[in-house]
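Shown here: target_2.csv, CSV, C-alpha atoms.
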chain,number,residue,atom,x,y,z
C,1,MET,CA,-49.0,-40.3,-8.9
C,2,LYS,CA,-50.0,-44.0,-8.8
C,3,LYS,CA,-52.8,-43.6,-6.3
C,4,LEU,CA,-54.5,-40.9,-8.5
C,5,ALA,CA,-54.1,-43.0,-11.6
C,6,ASN,CA,-55.7,-46.0,-9.8
C,7,LEU,CA,-58.6,-44.0,-8.4
C,8,LEU,CA,-59.3,-42.4,-11.8
C,9,LYS,CA,-59.2,-45.7,-13.7
C,10,GLU,CA,-61.5,-47.3,-11.0
C,11,ARG,CA,-64.0,-44.5,-11.2
C,12,MET,CA,-64.0,-44.6,-15.0
C,13,ARG,CA,-64.6,-48.4,-14.9
C,14,VAL,CA,-67.4,-48.3,-12.3
C,15,ASP,CA,-69.2,-45.4,-13.9
C,16,GLY,CA,-68.5,-46.6,-17.5
C,17,LEU,CA,-66.8,-43.3,-18.4
C,18,ALA,CA,-64.5,-42.8,-21.3
C,19,VAL,CA,-61.5,-40.4,-21.2
C,20,ARG,CA,-63.5,-37.8,-23.1
C,21,ASP,CA,-66.4,-38.0,-20.6
C,22,VAL,CA,-64.0,-37.2,-17.8
C,23,ALA,CA,-62.5,-34.4,-19.9
C,24,ALA,CA,-66.0,-32.9,-20.4
C,25,VAL,CA,-66.8,-32.9,-16.7
C,26,THR,CA,-63.5,-31.7,-15.4
C,27,GLY,CA,-62.6,-29.2,-18.2
C,28,VAL,CA,-59.2,-30.8,-18.5
C,29,SER,CA,-58.1,-32.0,-22.0
C,30,HIS,CA,-58.7,-35.6,-22.8
C,31,SER,CA,-55.0,-36.1,-23.6
C,32,THR,CA,-54.1,-34.9,-20.0
C,33,ILE,CA,-56.8,-37.2,-18.5
C,34,ALA,CA,-55.2,-40.1,-20.4
C,35,ARG,CA,-51.7,-39.1,-19.1
C,36,ALA,CA,-53.1,-39.0,-15.5
C,37,ALA,CA,-54.7,-42.4,-15.9
C,38,ASN,CA,-51.3,-43.7,-17.2
C,39,ASN,CA,-49.5,-42.4,-14.1
C,40,GLU,CA,-47.7,-39.7,-16.0
C,41,THR,CA,-46.8,-36.2,-14.7
C,42,VAL,CA,-49.7,-33.8,-14.4
C,43,THR,CA,-49.8,-30.1,-13.4
C,44,VAL,CA,-51.1,-29.0,-9.9
C,45,SER,CA,-54.2,-27.5,-11.7
C,46,THR,CA,-55.0,-30.9,-13.2
C,47,LEU,CA,-54.3,-32.6,-9.9
C,48,VAL,CA,-56.8,-30.3,-8.1
C,49,ALA,CA,-59.4,-30.7,-10.9
C,50,LEU,CA,-59.2,-34.5,-10.7
C,51,CYS,CA,-59.3,-34.6,-6.9
C,52,ASN,CA,-62.5,-32.5,-7.1
C,53,PHE,CA,-63.9,-34.9,-9.7
C,54,LEU,CA,-63.1,-37.9,-7.7
C,55,GLY,CA,-64.4,-36.3,-4.5
C,56,VAL,CA,-61.2,-37.0,-2.6
C,57,PRO,CA,-58.9,-34.5,-0.7
C,58,LEU,CA,-55.6,-33.6,-2.4
C,59,SER,CA,-53.7,-35.0,0.6
C,60,SER,CA,-55.1,-38.5,-0.1
C,61,VAL,CA,-53.3,-38.8,-3.5
C,62,LEU,CA,-50.0,-37.3,-2.4
C,63,GLU,CA,-48.9,-40.5,-0.7
C,64,ALA,CA,-47.3,-38.7,2.2
C,65,LYS,CA,-45.0,-40.5,4.6
C,66,LYS,CA,-46.4,-41.2,8.1
C,67,ASN,CA,-43.2,-41.6,10.1
C,68,PRO,CA,-41.6,-38.2,11.0
C,69,ASP,CA,-38.1,-39.6,10.4
C,70,GLU,CA,-39.1,-40.7,6.9
C,71,VAL,CA,-40.7,-37.3,6.3
C,72,PHE,CA,-37.4,-35.6,7.4
C,73,GLU,CA,-35.3,-38.0,5.3
C,74,GLN,CA,-37.5,-37.4,2.2
C,75,ILE,CA,-37.3,-33.6,2.6
C,76,SER,CA,-33.6,-33.7,3.1
C,77,MET,CA,-33.2,-35.8,-0.1
C,78,VAL,CA,-35.2,-33.4,-2.3
C,79,ILE,CA,-33.4,-30.3,-0.9
C,80,ALA,CA,-30.0,-32.0,-1.5
C,81,ILE,CA,-31.0,-32.6,-5.2
C,82,GLU,CA,-32.8,-29.2,-5.7
C,83,PRO,CA,-31.5,-26.7,-3.1
C,84,GLU,CA,-34.0,-24.1,-4.3
C,85,LEU,CA,-36.8,-26.1,-2.6
C,86,SER,CA,-35.4,-25.2,0.8
C,87,GLN,CA,-37.2,-21.9,0.5
C,88,VAL,CA,-40.6,-23.6,0.1
C,89,PHE,CA,-40.1,-25.9,3.1
C,90,GLY,CA,-38.8,-22.9,5.1
C,91,ASP,CA,-42.0,-21.0,4.4
C,92,ILE,CA,-44.2,-23.9,5.3
C,93,ALA,CA,-42.2,-24.5,8.5
C,94,ARG,CA,-42.8,-20.8,9.5
C,95,LYS,CA,-46.5,-21.2,8.9
C,96,ILE,CA,-46.6,-24.4,11.0
C,97,ASN,CA,-44.8,-22.7,13.8
C,98,ALA,CA,-47.2,-19.8,13.6
C,99,GLY,CA,-50.1,-22.3,14.0
C,100,GLU,CA,-51.4,-21.5,10.5
C,101,LEU,CA,-50.9,-25.1,9.2
C,102,ASP,CA,-50.7,-28.5,10.7
C,103,THR,CA,-47.5,-30.6,10.5
C,104,GLN,CA,-49.2,-33.1,8.1
C,105,VAL,CA,-48.8,-30.5,5.3
C,106,LEU,CA,-45.1,-30.8,5.5
C,107,ALA,CA,-45.3,-34.5,4.8
C,108,GLU,CA,-47.7,-33.9,1.8
C,109,ILE,CA,-45.4,-31.2,0.3
C,110,GLY,CA,-42.4,-33.5,0.8
C,111,ALA,CA,-44.2,-36.3,-1.0
C,112,PHE,CA,-45.1,-34.0,-3.9
C,113,ALA,CA,-41.5,-32.7,-4.2
C,114,ALA,CA,-40.2,-36.2,-4.2
C,115,TYR,CA,-42.7,-37.2,-6.9
C,116,ARG,CA,-41.5,-34.3,-9.1
C,117,ILE,CA,-37.8,-35.1,-8.4
C,118,GLU,CA,-38.3,-38.7,-9.3
C,119,ARG,CA,-39.6,-37.5,-12.7
C,120,TYR,CA,-36.1,-35.9,-13.3
C,121,ASN,CA,-35.0,-39.3,-14.3
C,122,GLU,CA,-37.5,-39.4,-17.1
C,123,ALA,CA,-36.1,-36.4,-18.8
C,124,PRO,CA,-34.2,-37.1,-22.1
C,125,VAL,CA,-30.4,-36.8,-22.0
C,126,PRO,CA,-29.4,-34.0,-24.3
C,127,VAL,CA,-27.9,-35.1,-27.6
C,128,ARG,CA,-24.6,-33.2,-27.0
C,129,VAL,CA,-23.9,-35.2,-23.8
C,130,HIS,CA,-24.7,-38.5,-25.5
C,131,ALA,CA,-22.2,-37.6,-28.2
C,132,GLU,CA,-19.5,-36.9,-25.7
C,133,LEU,CA,-20.0,-40.1,-23.8
C,134,GLU,CA,-19.7,-42.2,-27.0
C,135,LYS,CA,-16.3,-40.8,-27.8
Y,1,MET,CA,-58.3,-27.6,-0.4
Y,2,LYS,CA,-55.8,-25.7,1.7
Y,3,PRO,CA,-54.6,-22.6,-0.1
Y,4,ALA,CA,-51.2,-22.7,1.5
Y,5,LEU,CA,-50.8,-26.3,0.3
Y,6,ILE,CA,-51.8,-25.5,-3.3
Y,7,GLN,CA,-49.5,-22.4,-3.3
Y,8,ALA,CA,-46.6,-24.6,-2.1
Y,9,LEU,CA,-47.3,-27.3,-4.7
Y,10,ARG,CA,-47.3,-24.7,-7.4
Y,11,GLU,CA,-44.0,-23.3,-6.3
Y,12,ILE,CA,-42.5,-26.8,-6.3
Y,13,GLU,CA,-43.9,-27.3,-9.7
Y,14,ARG,CA,-42.2,-24.1,-10.9
Y,15,ILE,CA,-38.9,-25.0,-9.3
Y,16,THR,CA,-38.9,-28.5,-10.7
Y,17,SER,CA,-39.8,-27.5,-14.2
Y,18,LYS,CA,-38.6,-29.1,-17.5
Y,19,ASP,CA,-35.5,-26.8,-17.7
Y,20,LYS,CA,-34.4,-27.9,-14.3
Y,21,GLN,CA,-34.9,-31.5,-15.2
Y,22,LEU,CA,-32.4,-31.1,-18.1
Y,23,THR,CA,-30.0,-29.2,-15.9
Y,24,TYR,CA,-30.2,-32.0,-13.3
Y,25,GLU,CA,-29.6,-34.7,-15.9
Y,26,VAL,CA,-26.5,-33.1,-17.2
Y,27,ARG,CA,-25.2,-32.6,-13.6
Y,28,ARG,CA,-26.0,-36.2,-12.8
Y,29,ILE,CA,-24.1,-37.6,-15.8
Y,30,ARG,CA,-21.1,-35.3,-15.0
Y,31,GLU,CA,-21.0,-36.5,-11.4
Y,32,ASN,CA,-21.4,-40.1,-12.3
Y,33,THR,CA,-18.5,-42.0,-10.9
Y,34,VAL,CA,-18.4,-44.5,-13.8
Y,35,LEU,CA,-18.9,-42.2,-16.7
Y,36,PHE,CA,-16.9,-39.2,-15.5
Y,37,PRO,CA,-13.4,-40.9,-15.9
Y,38,ARG,CA,-14.3,-41.8,-19.5
Y,39,LEU,CA,-15.0,-38.1,-20.2
Y,40,VAL,CA,-11.7,-37.2,-18.5
Y,41,GLU,CA,-9.8,-39.8,-20.5
Y,42,ALA,CA,-11.2,-38.4,-23.7
Y,43,HIS,CA,-10.1,-34.9,-23.0
Y,44,ILE,CA,-6.7,-35.2,-21.3
Y,45,SER,CA,-3.7,-36.2,-23.4
Y,46,GLU,CA,-1.2,-38.8,-22.4
Y,47,ALA,CA,1.4,-36.1,-22.0
Y,48,GLN,CA,-0.7,-34.3,-19.4
Y,49,LEU,CA,-1.4,-37.5,-17.5
Y,50,ALA,CA,2.4,-38.3,-17.4
Y,51,GLU,CA,3.0,-34.8,-16.1
Y,52,ASP,CA,0.4,-35.3,-13.4
Y,53,LYS,CA,2.1,-38.5,-12.4
Y,54,SER,CA,5.4,-36.8,-12.1
Y,55,TYR,CA,4.0,-34.5,-9.4
Y,56,ARG,CA,3.0,-37.5,-7.2
Just give me the structure of the file as structure tokens.
Amino acid sequence: MKKLANLLKERMRVDGLAVRDVAAVTGVSHSTIARAANNETVTVSTLVALCNFLGVPLSSVLEAKKNPDEVFEQISMVIAIEPELSQVFGDIARKINAGELDTQVLAEIGAFAAYRIERYNEAPVPVRVHAELEK
Amino acid sequence: MKPALIQALREIERITSKDKQLTYEVRRIRENTVLFPRLVEAHISEAQLAEDKSYR
């Protein structure tokens, strides 16, 4: 989440805060703060804590697509890779149709799902598979 | 923060967990159009390949 990392680093620079200072204020471990500042994967709980600390809405760091076609394309892509996600988007669509949520939420969730899916590529390849490929 | 948004993000987090990442990685390698033939070559004997060709 590049935007979150940039906002965090900028806030630490301006306020002269160290990683441990942010950890003390947010209640998040200093190693997790360092990971967030380094644009590495963080949990939703950390994401929420850091947004509260930065004083920004969660939606501002999710980097949601603006164009409806792009939102649809992004959601289609993540569901194609991880079909189980269709349940989440189905639930959100029902809440939007019932007037409980605005359509922007769909774009935000799509952006978060794409962010998580992109992280799939960072997972290490199991040793067994490596061995088979080298035969 | 919108509770419904947080709930959805947590569900996505659960679905795209570490275990799923490894599963996806294995699937991606198996489906890779360049690497897959190498795996096939390593596991199918010449005799079997010849037999396959005879059916064509």
Exercise. Do a neighbour search on Leu5 (chain Y) at 10 Å with all atoms listed in the file, toss out local chain neighbours closer than 6 positions, and write the hits as a PyMOL selection string.
Key: (chain C and resi 58-59+92+101+105-106+108-109) or (chain Y and resi 11)
If you count all atoms listed in the file, the residue of C:Asn97, C:Gln74, C:Asn6, C:Asn52 closest to chain Y turns out to be C:Asn52
Using only C-alpha atoms, the residue out of C:Ala98, C:Ala49, C:Ala5, C:Val14 with shortest distance to Ala34 (chain C) is C:Ala5
Next item on the list: Dump as JSON, numbers by chain all residues having an atom at most 12 Å from (-57.7, -33.9, -5.3), computed in the file's coordinates with only C-alpha atoms.
Entry: {"C": [1, 3, 4, 5, 7, 8, 26, 43, 44, 45, 46, 47, 48, 49, 50, 51, 52, 53, 54, 55, 56, 57, 58, 59, 60, 61, 62, 63], "Y": [1, 2, 5, 6]}
As a check of understanding: the span from CA of Arg13 (chain C) to CA of His30 (chain C) is 16.2 Å
_Between CA of Ile15 (chain Y) and CA of Gln87 (chain C) - distance in Å to one decimal_ =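 For CA of Gln87 (chain C) relative to CA of Ile15 (chain Y), the distance reads 10.4 Å.
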In terms of all atoms listed in the file, the residue from C:Lys9, C:Arg35, C:Arg116, C:Arg94 at minimal distance from chain Y is C:Arg116
One decimal place gives the CA of Ile79 (chain C)-CA of Ile12 (chain Y) separation as 11.1 Å
